[in-house]
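Visitor: One structure follows; several queries about it will come next.
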Amino acid sequence: MYSKIYEFCKVKNEGSILFNSPNVPTPRVLYIMDLLKSENIPFSLDRFVKNNTVGYNVIMEGPSSKMISAHHDIVNENSDNANDNSCSVINAIMVKKLVPDVNVVLLDGEEFGGMGSDRMSDRINSGHFGPIDWVLNLELTGKGGDNFFIGNYKGPLFNHILSLFNCPIFNTPFNDSVNFRKNGIDSCVINSLPITEKDSVLEYRSKKLDFSILRNCHKIDDSLSTIDIIDMQEFVEKVLIEILK
């Protein structure tokens with residue numbers, strides 16, 4: 001599954017959610033749907049309209065009270081969008097394969113205020129999924145393996161992750177967790193980071209974390225050459241699966 005990132009990043013949208021067709025899902029969503037069919041993972045497509053813009057959320061339901069989210073939309077159609085956020089989409093699908101009971105949602109419109117997470121919040125709060133304890137939001141999870149930080153979003157999920165891992169905590173830019181929390185749903189964002197021997201990086205508990213990869217977002221620099229499928233596997237199987245236990 002992890003190697004599917006190389007195919008996925010070759011699939012190009014016309015641009016952001018603002019370019020979505022009102023009738024046909026984006027090429028990236030169509031690829032995701034075909035991938036799920038090939039893996040025999042049941043899913044539904046949730047088409048929604050917000051501010052005269054059409055979005056497409058992909059939903060993989062399960063009986064669990066836990067949910068994993070990742071956004072699939074992009075800003076720069078010329079970029080691979082490898083780390084932001086294609087890797088997280090592939091990682092989220094892999095989580096569903098490994099833990100079939102978990103709810104996994106792939107969201108549209110994060111790059112424009114989190115339209116998809118607002119829509120998903122409405123569905124969660126309506127009781128569509130049954131009780132949902134929390135939503136763990138994956139952002140930029142293509143490099144770093146089990147080296148990661150979480151956003152400073154205090155709550156049960158935040159406390160749960162800290163009880164398992166001695167990870168750094170940072171204030172983060174907007175992501176879908178902000179909307180989930182605004183809508184009364186406990187959520188936290190998680191982001192893997194590579195370690196490096198360079199001096200001009202943040203040192204955390206004797207590990208030098210390389211934040212430079214974060215500056216690639218929305219640029220051509222967000223290329224497949226910056227991510228690692230071995231790191232993706234380590235992040236999913238050593239971190240995410242542990243959080244879901």
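Here, A, B, ... name the chains of the structure tokens in the order displayed, residue numbers run from 1 inside each chain, and ligands are numbered from 1 in the same displayed order.
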Residues of range 126-226 of chain A that approach range 237-241 of chain A to 12 Å or less, counting only C-alpha atoms: could you list each one with the shortest pair of atoms and its distance in Å to one decimal, rows by chain and increasing residue number, as a tab-separated table?
Guide:
residue	atom	partner	partner_atom	distance
A:Leu136	CA	A:Leu240	CA	9.1
A:Asn137	CA	A:Leu240	CA	10.7
A:Leu138	CA	A:Leu240	CA	9.6
A:Thr141	CA	A:Leu240	CA	10.8
A:Gly144	CA	A:Val239	CA	11.3
A:Gly145	CA	A:Lys238	CA	8.2
A:Asp146	CA	A:Val239	CA	6.1
A:Asn147	CA	A:Val239	CA	9.0
A:Phe148	CA	A:Val239	CA	9.0
A:Phe149	CA	A:Val239	CA	11.2
A:Ile150	CA	A:Val239	CA	11.8
A:His160	CA	A:Leu240	CA	12.0
A:Ile161	CA	A:Val239	CA	9.3
A:Leu162	CA	A:Val239	CA	11.7
A:Leu164	CA	A:Val239	CA	9.1
A:Phe165	CA	A:Val239	CA	8.6
A:Asn166	CA	A:Val239	CA	11.6
A:Cys167	CA	A:Val239	CA	10.9
A:Val189	CA	A:Leu240	CA	11.9
A:Ile190	CA	A:Leu240	CA	9.5
A:Asn191	CA	A:Val239	CA	11.0
A:Ser192	CA	A:Val239	CA	9.9
Visitor: Using only C-alpha atoms, which residues sit within 10 Å of range 55-61 of chain A once same-chain residues fewer than 6 positions away are excluded, as a ChimeraX atom specification?
Guide: /A:17-22,24-26,29,32-33,36,41-49,67-69,71-73,93,96,100-109,115-117,119-120,128-129
Visitor: Could you tell me which of A:Ile220, A:Val135, A:Ile169, A:Ala82 comes closest to Met232 in chain A if we count only C-alpha atoms?
Guide: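 Selected residue with least distance to Met232 in chain A: A:Ala82.
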Visitor: Pick the closest to Trp134 in chain A from A:Pro194, A:Pro168, A:Gly184, A:Gly114: which is it, counting only C-alpha atoms?
Guide: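 Looking at the shortest contact to Trp134 in chain A, the residue is A:Gly184.
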Visitor: If we count only C-alpha atoms and set the cut-off at 7 Å, which residues sit around Ile195 in chain A, ignoring sequence neighbours fewer than 2 positions away in its own chain? Please answer as a PyMOL selection string.
Guide: chain A and resi 144+193+207-210
Visitor: Please, which residues of range 10-229 of chain A, numbered as in this document, come out strand (DSSP E or B) from DSSP, as a PyMOL selection string?
Guide: chain A and resi 44-50+53-60+66-71+103-107+134-138+148-151+169-170+187-192+195+202-204+207-209
Visitor: Out of A:Glu197, A:Gly151, A:Asp221, A:Ile227, which residue has the shortest atom-to-atom distance to Tyr2 in chain A when counting only C-alpha atoms?
Guide: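 Using only C-alpha atoms, the shortest distance to Tyr2 in chain A belongs to A:Ile227.
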Visitor: Separation of CA of Val75 in chain A and CA of Glu110 in chain A, in Å?
Guide: 9.8 Å
Visitor: Would you please work out which residue, of A:Ser65, A:Ser163, A:Asn78, A:Ser121, is nearest to Glu242 in chain A when using only C-alpha atoms?
Guide: A:Ser163
Visitor: To test your reading of the structure, identify every residue in range 156-219 of chain A that backbone DSSP assigns to helix (DSSP H, G or I), and report it as JSON, numbers by chain.
Guide: {"A": [156, 157, 158, 159, 160, 161, 162, 163, 164, 176, 177, 178, 179, 180, 181, 182, 211, 212, 213, 214, 215, 216]}
Visitor: Would you save the residues of that selection, restricted to C-alpha atoms, as a PDB file, in the first residue's frame?
Guide:
ATOM      1  CA  PRO A 156      -8.593  13.356  25.938  1.00  0.00           C
ATOM      2  CA  LEU A 157      -6.854  12.472  22.660  1.00  0.00           C
ATOM      3  CA  PHE A 158      -3.954  14.831  23.396  1.00  0.00           C
ATOM      4  CA  ASN A 159      -3.588  13.253  26.850  1.00  0.00           C
ATOM      5  CA  HIS A 160      -3.816   9.736  25.411  1.00  0.00           C
ATOM      6  CA  ILE A 161      -0.997  10.347  22.936  1.00  0.00           C
ATOM      7  CA  LEU A 162       1.217  11.904  25.611  1.00  0.00           C
ATOM      8  CA  SER A 163       0.617   8.908  27.867  1.00  0.00           C
ATOM      9  CA  LEU A 164       2.063   6.677  25.134  1.00  0.00           C
ATOM     10  CA  ASP A 176      -8.884  20.186  10.107  1.00  0.00           C
ATOM     11  CA  SER A 177      -8.518  19.573  13.846  1.00  0.00           C
ATOM     12  CA  VAL A 178      -9.346  23.244  14.401  1.00  0.00           C
ATOM     13  CA  ASN A 179     -12.761  22.793  12.819  1.00  0.00           C
ATOM     14  CA  PHE A 180     -13.509  19.547  14.615  1.00  0.00           C
ATOM     15  CA  ARG A 181     -12.726  21.208  17.926  1.00  0.00           C
ATOM     16  CA  LYS A 182     -14.739  24.304  17.017  1.00  0.00           C
ATOM     17  CA  PHE A 211      11.469  21.526  10.240  1.00  0.00           C
ATOM     18  CA  SER A 212      12.615  22.586   6.775  1.00  0.00           C
ATOM     19  CA  ILE A 213      10.323  20.014   5.129  1.00  0.00           C
ATOM     20  CA  LEU A 214       7.336  21.981   6.415  1.00  0.00           C
ATOM     21  CA  ARG A 215       8.321  24.919   4.241  1.00  0.00           C
ATOM     22  CA  ASN A 216       7.752  22.836   1.108  1.00  0.00           C
TER      23      ASN A 216
END
Visitor: Considering only C-alpha atoms, return as a ChimeraX atom specification whatever protein or nucleic-acid residues lie within 10 Å of Lys10 in chain A, sequence-local ones (same chain, fewer than 5 positions apart) excluded.
Guide: /A:5,28,78-82,224
Visitor: If I take CA of Asp222 in chain A and CA of Gly113 in chain A, how far is one from the other in Å, to one decimal?
Guide: 20.8 Å
Visitor: What is the distance between CA of Ser3 in chain A and CA of Ile229 in chain A, in Å to one decimal?
Guide: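 Separating CA of Ser3 in chain A from CA of Ile229 in chain A is a distance of 6.5 Å.
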Visitor: For Gly142 in chain A, work out the shell of residues within 7 Å, counting only C-alpha atoms and skipping chain neighbours fewer than 6 positions away, then give it as a VMD selection string.
Guide: chain A and resid 83 87 to 88 227 to 228 231 to 232
Visitor: Which of these, A:Ile90, A:Ile243, A:Ile230, A:Cys188, has the shortest distance to Glu7 in chain A once you count only C-alpha atoms?
Guide: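 Closest candidate: A:Ile90.
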